[in-house]
>>> print(open('entry15.cif').read())   # mmCIF, C-alpha atoms and all ligand atoms
data_structure
#
loop_
_atom_site.label_atom_id
_atom_site.label_comp_id
_atom_site.auth_asym_id
_atom_site.auth_seq_id
_atom_site.Cartn_x
_atom_site.Cartn_y
_atom_site.Cartn_z
CA MET A 208 142.56 70.47 33.22
CA SER A 209 145.03 70.71 30.36
CA ALA A 210 148.46 71.84 31.50
CA ALA A 211 150.38 74.56 29.67
CA PRO A 212 153.57 73.38 27.95
CA ALA A 213 156.69 73.12 30.07
CA VAL A 214 159.03 76.10 29.74
CA VAL A 215 161.58 74.54 32.09
CA GLU A 216 162.26 70.85 32.64
CA LEU A 217 165.08 69.65 34.85
CA ALA A 218 165.56 65.90 35.10
CA GLY A 219 168.15 64.54 37.52
CA VAL A 220 170.17 67.74 37.24
CA THR A 221 173.44 67.73 39.14
CA ARG A 222 176.09 70.46 39.23
CA ALA A 223 179.25 69.43 41.00
CA TYR A 224 182.22 71.63 41.79
CA PRO A 225 185.43 70.21 43.23
CA GLY A 226 184.47 69.27 46.78
CA VAL A 227 180.91 70.66 46.55
CA THR A 228 177.76 69.32 44.97
CA ALA A 229 175.79 72.51 44.38
CA LEU A 230 172.86 70.65 42.79
CA ALA A 231 172.24 67.00 43.57
CA GLY A 232 169.70 65.46 41.21
CA VAL A 233 167.01 68.10 40.80
CA ASP A 234 163.74 67.35 39.02
CA LEU A 235 161.61 70.41 38.31
CA THR A 236 158.97 71.31 35.77
CA VAL A 237 157.79 74.90 35.30
CA ARG A 238 154.90 75.48 32.92
CA GLY A 239 154.08 78.48 30.80
CA GLY A 240 152.40 81.23 32.83
CA GLU A 241 153.72 80.14 36.22
CA LEU A 242 155.11 82.49 38.86
CA ALA A 243 157.18 80.58 41.40
CA ALA A 244 159.36 81.48 44.36
CA ILE A 245 162.59 79.59 44.96
CA VAL A 246 163.55 79.65 48.62
CA GLY A 247 166.06 77.96 50.89
CA PRO A 248 169.06 78.80 53.06
CA SER A 249 172.22 80.36 51.72
CA GLY A 250 174.31 77.75 49.90
CA SER A 251 171.35 75.48 49.17
CA GLY A 252 171.82 75.74 45.40
CA LYS A 253 169.24 78.36 44.43
CA SER A 254 171.54 80.52 42.28
CA THR A 255 173.19 77.48 40.74
CA MET A 256 169.78 76.16 39.74
CA LEU A 257 168.74 79.50 38.26
CA ASN A 258 172.02 79.77 36.33
CA VAL A 259 171.56 76.25 34.95
CA ILE A 260 167.96 77.07 33.95
CA GLY A 261 169.21 80.28 32.37
CA THR A 262 171.86 78.29 30.46
CA LEU A 263 174.62 80.42 32.00
CA ASP A 264 175.96 77.19 33.49
CA ARG A 265 175.85 73.60 32.25
CA PRO A 266 175.02 70.70 34.56
CA THR A 267 177.54 67.92 35.19
CA ALA A 268 174.72 65.36 34.92
CA GLY A 269 171.04 65.28 34.05
CA ARG A 270 168.89 66.89 31.36
CA VAL A 271 167.88 70.54 31.02
CA THR A 272 165.09 71.43 28.60
CA ILE A 273 164.27 75.11 28.11
CA ASP A 274 161.35 76.22 25.96
CA GLY A 275 161.44 72.82 24.27
CA HIS A 276 165.21 72.76 23.60
CA ASP A 277 167.45 70.11 25.17
CA VAL A 278 170.33 72.43 25.97
CA ALA A 279 172.99 69.67 25.93
CA GLY A 280 172.45 69.44 22.18
CA LEU A 281 173.06 73.14 21.56
CA THR A 282 176.35 74.79 20.65
CA ASP A 283 177.49 77.84 22.61
CA ARG A 284 176.27 79.99 19.75
CA GLN A 285 172.82 78.37 19.77
CA LEU A 286 172.71 78.74 23.56
CA SER A 287 173.44 82.46 23.24
CA ALA A 288 170.60 82.75 20.74
CA LEU A 289 168.24 80.84 23.07
CA ARG A 290 169.20 83.15 25.96
CA ALA A 291 168.76 86.27 23.84
CA GLN A 292 165.35 85.19 22.55
CA SER A 293 163.79 83.29 25.40
CA ILE A 294 165.32 84.26 28.74
CA GLY A 295 165.50 87.49 30.74
CA PHE A 296 167.66 87.87 33.85
CA VAL A 297 167.37 90.17 36.84
CA PHE A 298 169.93 90.21 39.65
CA GLN A 299 170.12 91.72 43.13
CA GLN A 300 172.73 94.29 42.06
CA PHE A 301 170.93 95.55 38.91
CA HIS A 302 174.05 95.33 36.66
CA LEU A 303 173.19 98.47 34.69
CA ALA A 304 175.79 100.27 32.58
CA GLU A 305 176.66 103.36 34.62
CA GLY A 306 177.30 106.14 32.11
CA VAL A 307 174.31 105.19 29.99
CA SER A 308 170.69 106.41 30.10
CA ALA A 309 167.86 104.18 31.26
CA LEU A 310 166.67 104.19 27.65
CA ASP A 311 169.93 102.80 26.28
CA ASN A 312 170.36 100.34 29.15
CA VAL A 313 167.00 98.87 28.17
CA ALA A 314 167.64 99.16 24.42
CA ASP A 315 170.80 97.08 24.98
CA GLY A 316 168.51 94.22 25.98
CA LEU A 317 167.76 94.00 22.23
CA LEU A 318 171.36 94.12 21.01
CA TYR A 319 171.20 90.57 19.69
CA SER A 320 167.74 90.89 18.19
CA GLY A 321 168.91 92.17 14.84
CA ARG A 322 166.86 95.37 15.27
CA GLY A 323 168.23 98.80 14.43
CA LEU A 324 169.01 101.37 17.13
CA LYS A 325 165.92 103.47 16.44
CA ASP A 326 163.61 100.47 16.78
CA ARG A 327 165.46 99.26 19.91
CA ARG A 328 165.04 102.69 21.53
CA ARG A 329 161.38 102.91 20.57
CA ARG A 330 160.69 99.54 22.18
CA ALA A 331 162.82 100.44 25.20
CA ALA A 332 160.85 103.66 25.73
CA ALA A 333 157.58 101.73 25.58
CA VAL A 334 158.74 99.20 28.19
CA LEU A 335 160.11 101.96 30.48
CA GLU A 336 156.71 103.59 30.25
CA ARG A 337 155.14 100.29 31.22
CA VAL A 338 157.33 99.91 34.33
CA GLY A 339 156.42 103.43 35.42
CA LEU A 340 159.63 105.19 34.35
CA GLY A 341 158.34 107.04 31.29
CA GLU A 342 159.48 110.33 32.83
CA ARG A 343 162.99 109.11 33.51
CA ILE A 344 164.15 107.50 30.31
CA HIS A 345 167.09 109.91 29.96
CA HIS A 346 168.29 109.50 33.54
CA ARG A 347 171.48 107.57 34.22
CA PRO A 348 171.59 104.90 36.93
CA ALA A 349 173.30 107.31 39.38
CA GLU A 350 170.25 109.59 39.09
CA LEU A 351 167.80 106.81 39.99
CA SER A 352 166.82 105.21 43.29
CA GLY A 353 167.48 101.52 43.93
CA GLY A 354 163.88 100.61 43.17
CA GLN A 355 163.95 102.62 39.94
CA LYS A 356 167.22 100.95 38.91
CA GLN A 357 165.68 97.55 39.46
CA ARG A 358 162.68 98.55 37.33
CA VAL A 359 165.12 99.56 34.56
CA ALA A 360 166.83 96.18 34.93
CA ILE A 361 163.47 94.42 34.69
CA ALA A 362 162.56 96.50 31.63
CA ARG A 363 165.85 95.45 30.02
CA ALA A 364 165.14 91.81 30.86
CA VAL A 365 161.66 91.82 29.30
CA VAL A 366 162.07 94.20 26.35
CA GLY A 367 162.73 91.20 24.10
CA GLU A 368 159.52 89.53 25.36
CA PRO A 369 161.25 86.41 26.72
CA ALA A 370 159.21 83.30 27.55
CA LEU A 371 161.03 83.08 30.87
CA LEU A 372 162.14 85.70 33.38
CA LEU A 373 164.66 84.61 36.02
CA ALA A 374 165.21 86.86 39.03
CA ASP A 375 167.88 86.17 41.68
CA GLU A 376 167.00 88.10 44.85
CA PRO A 377 165.57 91.07 42.90
CA THR A 378 164.42 92.80 46.08
CA GLY A 379 167.49 91.89 48.14
CA ALA A 380 169.09 95.34 47.85
CA LEU A 381 165.85 97.34 48.16
CA ASP A 382 163.89 98.85 51.02
CA SER A 383 160.55 97.18 51.61
CA THR A 384 158.48 99.80 49.75
CA SER A 385 160.62 99.56 46.59
CA GLY A 386 160.74 95.80 46.98
CA LYS A 387 156.97 95.72 47.05
CA ALA A 388 156.76 97.82 43.87
CA VAL A 389 159.19 95.48 42.13
CA MET A 390 157.11 92.46 43.15
CA GLU A 391 153.94 94.19 41.91
CA LEU A 392 155.68 94.72 38.59
CA LEU A 393 156.67 91.04 38.38
CA ASN A 394 153.08 90.08 39.17
CA GLU A 395 151.83 92.34 36.36
CA LEU A 396 154.30 90.87 33.88
CA ASN A 397 153.21 87.39 34.92
CA ALA A 398 149.54 88.32 34.51
CA ALA A 399 150.44 89.42 30.97
CA GLY A 400 151.88 85.97 30.27
CA THR A 401 155.57 85.88 31.27
CA THR A 402 156.70 82.79 33.16
CA ILE A 403 158.74 83.92 36.18
CA LEU A 404 161.06 82.26 38.70
CA VAL A 405 162.11 84.44 41.63
CA ILE A 406 164.72 83.55 44.24
CA THR A 407 163.87 85.29 47.48
CA HIS A 408 164.89 85.28 51.13
CA ASP A 409 161.69 87.12 51.99
CA GLN A 410 159.15 84.73 53.47
CA GLY A 411 156.31 87.20 52.87
CA ILE A 412 157.16 87.50 49.18
CA ALA A 413 157.50 83.75 48.79
CA GLU A 414 154.14 83.10 50.42
CA SER A 415 152.45 85.72 48.24
CA LEU A 416 153.40 83.84 45.06
CA PRO A 417 151.37 80.98 43.58
CA ARG A 418 154.13 78.36 43.95
CA GLN A 419 157.04 77.81 46.33
CA VAL A 420 160.01 75.55 45.59
CA VAL A 421 162.12 74.96 48.69
CA MET A 422 165.80 74.04 48.19
CA LEU A 423 168.05 72.35 50.74
CA ASP A 424 171.53 70.91 50.17
CA GLY A 425 171.24 71.03 46.40
CA ARG A 426 167.87 69.30 46.28
CA VAL A 427 164.24 70.33 46.03
CA ARG A 428 163.15 69.77 49.62
CA HIS A 429 159.53 70.76 49.00
CA ASP A 430 157.47 71.95 46.05
CA SER A 431 154.02 73.39 46.70
CA ALA A 432 153.01 72.41 43.16
CA ALA A 433 153.16 68.79 44.29
CA ASP A 434 150.84 69.36 47.26
CA GLY A 435 147.52 67.58 47.02
CA ARG A 436 148.39 66.11 43.66
CA VAL A 437 149.20 62.52 42.77
CA ARG A 438 152.60 62.40 41.13
CA HIS A 439 152.35 59.53 38.70
CA ASP A 440 155.83 60.16 37.36
CA SER A 441 157.83 59.78 40.54
CA ALA A 442 155.48 58.53 43.25
CA ALA A 443 156.99 55.06 43.17
CA SER A 444 160.58 56.17 43.48
CA THR A 445 160.15 59.01 45.95
CA THR A 446 161.60 58.34 49.38
CA PRO A 447 159.98 60.07 52.35
CA THR A 448 161.98 63.15 53.30
CA GLU A 449 160.22 63.91 56.56
CA ALA A 450 162.12 61.36 58.64
CA PRO A 451 163.96 62.87 61.64
CA CYS A 452 167.66 63.29 60.98
P1 LIG B 1 172.44 79.81 47.06
O1 LIG B 1 172.16 80.66 45.88
O2 LIG B 1 171.28 78.99 47.52
O3 LIG B 1 173.02 80.60 48.22
P2 LIG B 1 174.55 78.67 45.42
O4 LIG B 1 173.85 78.03 44.29
O5 LIG B 1 175.19 79.98 45.18
O6 LIG B 1 173.55 78.74 46.68
O7 LIG B 1 175.68 77.68 45.95
C1 LIG B 1 175.45 76.31 46.25
C2 LIG B 1 176.75 75.67 46.68
O8 LIG B 1 177.64 75.61 45.57
C3 LIG B 1 177.49 76.44 47.76
O9 LIG B 1 178.13 75.51 48.61
C4 LIG B 1 178.50 77.24 46.97
O10 LIG B 1 179.62 77.53 47.76
C5 LIG B 1 178.84 76.30 45.84
N1 LIG B 1 179.23 77.00 44.61
C6 LIG B 1 178.45 77.83 43.87
N2 LIG B 1 179.12 78.30 42.81
C7 LIG B 1 180.37 77.77 42.87
C8 LIG B 1 181.55 77.88 42.06
N3 LIG B 1 181.56 78.62 40.96
N4 LIG B 1 182.63 77.17 42.45
C9 LIG B 1 182.63 76.40 43.55
N5 LIG B 1 181.55 76.26 44.36
C10 LIG B 1 180.44 76.94 44.03
MG MG B 2 172.32 82.75 45.63
#
>>> encode(input="entry15.cif", output="structure tokens")
Amino acid sequence: MSAAPAVVELAGVTRAYPGVTALAGVDLTVRGGELAAIVGPSGSGKSTMLNVIGTLDRPTAGRVTIDGHDVAGLTDRQLSALRAQSIGFVFQQFHLAEGVSALDNVADGLLYSGRGLKDRRRRAAAVLERVGLGERIHHRPAELSGGQKQRVAIARAVVGEPALLLADEPTGALDSTSGKAVMELLNELNAAGTTILVITHDQGIAESLPRQVVMLDGRVRHDSAADGRVRHDSAASTTPTEAPC
């Protein structure tokens, strides 16, 4: 089986804050076309890891490679360009601009693409149609339900066709029906080729996804992608983690 190219590679990634090590030497490879859940208790480093992968935060040690770029070698300007072209973000609290239509919230996802307003709106309308909001493109966030707002936020995140979509608790503020619709949408986007990492507290959601990465105390405690597979790269240096503590 030939593996797809890595979209994300973390090697020994550490992120220390004064008094807290949020990430403590994380190794993780995510390949093109994957859909993975990141789970773990509050404070285990999930958001920090997603922010480092999304180049919103730089590690204090280790190497981060995104879509083939070693991010340590990029200037802030180049990082912004990488984010704009290759990475979409979705957060629990939607982060939509309030006084602005769904159409323009999504069109803003293309602000740094160099496209004119008319083209940005045309693409935004097409993506809103795709997420099932074709009838609501002129609605403002206050006129939309939580689930609809999150679909607008997802449309904004993917309108630029990023290689990687990062979602931090995207269903955390939604009722279970809307949460399910959002997960169905993420599954559809993944089926169409987008690589997706989703942080979730919801065990059912995590188990429904093809891969689960379990974080604990800033480390990857378990990765289902490693199950039943010989890990030539790290087998020799891996210490058993199942010992009673
Ligand atoms: P999770 O998303 O799994 O709940 P986080 O990645 O948000 O965990 O946090 C991991 C650890 O890092 C926590 O102990 C948190 O308090 C700490 N942390 C996160 N961000 C900061 C920050 N900006 N400054 C100081 N400590 C932080
Ligand atoms: Mg978090």
>>> atom_distance(input="entry15.cif", atom1="atom CA of A:Ala380", atom2="atom CA of A:Gly354")
8.8 Å
>>> atom_distance(input="entry15.cif", atom1="atom CA of A:Leu416", atom2="atom C1 of ligand LIG 1 (chain B)")
23.3 Å
>>> residues_around(input="entry15.cif", residues="stretch 264-272 of chain A", least_positions_apart="4", cutoff="9 Å", atoms="all atoms listed in the file", output="ChimeraX atom specification")
/A:213-224,230,232-233,255-260,276-279
>>> residues_near_point(input="entry15.cif", point="(177.9, 106.4, 29.5)", cutoff="12 Å", atoms="all atoms listed in the file", output="MDAnalysis selection string")
chainID A and resid 303:312 345:349
>>> write_last_selection(input="entry15.cif", atoms="C-alpha atoms", output="compact mmCIF listing (two decimals), keeping the file's coordinate frame")
# COMPACT_ATOMS: atom_id res chain seq x y z
CA LEU A 303 173.19 98.47 34.69
CA ALA A 304 175.79 100.27 32.58
CA GLU A 305 176.66 103.36 34.62
CA GLY A 306 177.30 106.14 32.11
CA VAL A 307 174.31 105.19 29.99
CA SER A 308 170.69 106.41 30.10
CA ALA A 309 167.86 104.18 31.26
CA LEU A 310 166.67 104.19 27.65
CA ASP A 311 169.93 102.80 26.28
CA ASN A 312 170.36 100.34 29.15
CA HIS A 345 167.09 109.91 29.96
CA HIS A 346 168.29 109.50 33.54
CA ARG A 347 171.48 107.57 34.22
CA PRO A 348 171.59 104.90 36.93
CA ALA A 349 173.30 107.31 39.38
>>> residues_near_ligand(input="entry15.cif", ligand="ligand MG 2 (chain B)", cutoff="10 Å", atoms="only C-alpha atoms and all ligand atoms", output="list in words")
Val246, Gly247, Pro248, Ser249, Gly250, Ser251, Gly252, Lys253, Ser254, Thr255, Met256, Leu257, Asn258, Phe298, Gln299, Asp375, Glu376, Ile406, Thr407 and His408 of chain A
>>> atom_distance(input="entry15.cif", atom1="atom CA of A:Ala314", atom2="atom CA of A:Val366")
7.7 Å
>>> residues_around(input="entry15.cif", residues="A:Ala331", least_positions_apart="3", cutoff="10 Å", atoms="only C-alpha atoms", output="list in words")
Ala309, Leu310, Asp311, Asn312, Val313, Ala314, Asp315, Gly316, Leu317, Lys325, Asp326, Arg327, Arg328, Val334, Leu335, Glu336, Arg337, Ile344, Val359, Ala362, Arg363, Val365, Val366 and Gly367 of chain A
>>> closest_residue(input="entry15.cif", among="A:Leu396, A:Gln355, A:Val237, A:Ile245", to="ligand LIG 1 (chain B)", atoms="all atoms listed in the file")
A:Ile245
>>> residues_around(input="entry15.cif", residues="stretch 290-293 of chain A", least_positions_apart="5", cutoff="9 Å", atoms="all atoms listed in the file", output="list in words")
Gly261, Thr262, Leu263, Ile273, Asp274, Gln285, Gly316, Leu317, Leu318, Tyr319, Ser320, Gly367, Glu368, Pro369, Ala370, Leu371 and Leu372 of chain A
>>> closest_residue(input="entry15.cif", among="A:Gly411, A:Gly240, A:Gly275, A:Pro225", to="ligand LIG 1 (chain B)", atoms="all atoms listed in the file")
A:Pro225
>>> closest_residue(input="entry15.cif", among="A:Ala231, A:Ala433, A:Leu324, A:Ala364", to="ligand LIG 1 (chain B)", atoms="all atoms listed in the file")
A:Ala231
>>> closest_residue(input="entry15.cif", among="A:Leu289, A:Ala243, A:Ala398, A:Ala229", to="ligand LIG 1 (chain B)", atoms="all atoms listed in the file")
A:Ala229
>>> closest_residue(input="entry15.cif", among="A:Val227, A:Ala210, A:Leu340, A:Ile403", to="ligand LIG 1 (chain B)", atoms="only C-alpha atoms and all ligand atoms")
A:Val227
>>> closest_residue(input="entry15.cif", among="A:Asp234, A:Glu350, A:Asp434, A:Asp424", to="ligand LIG 1 (chain B)", atoms="all atoms listed in the file")
A:Asp424
>>> residues_around(input="entry15.cif", residues="A:Ala374", least_positions_apart="4", cutoff="6 Å", atoms="only C-alpha atoms", output="list of chain:residue names")
A:Phe296, A:Val297, A:Phe298, A:Val405
>>> residues_around(input="entry15.cif", residues="A:Asp409", least_positions_apart="4", cutoff="10 Å", atoms="only C-alpha atoms", output="list in words")
Ala244, Val246, Glu376, Thr378, Gly379, Ala413 and Glu414 of chain A
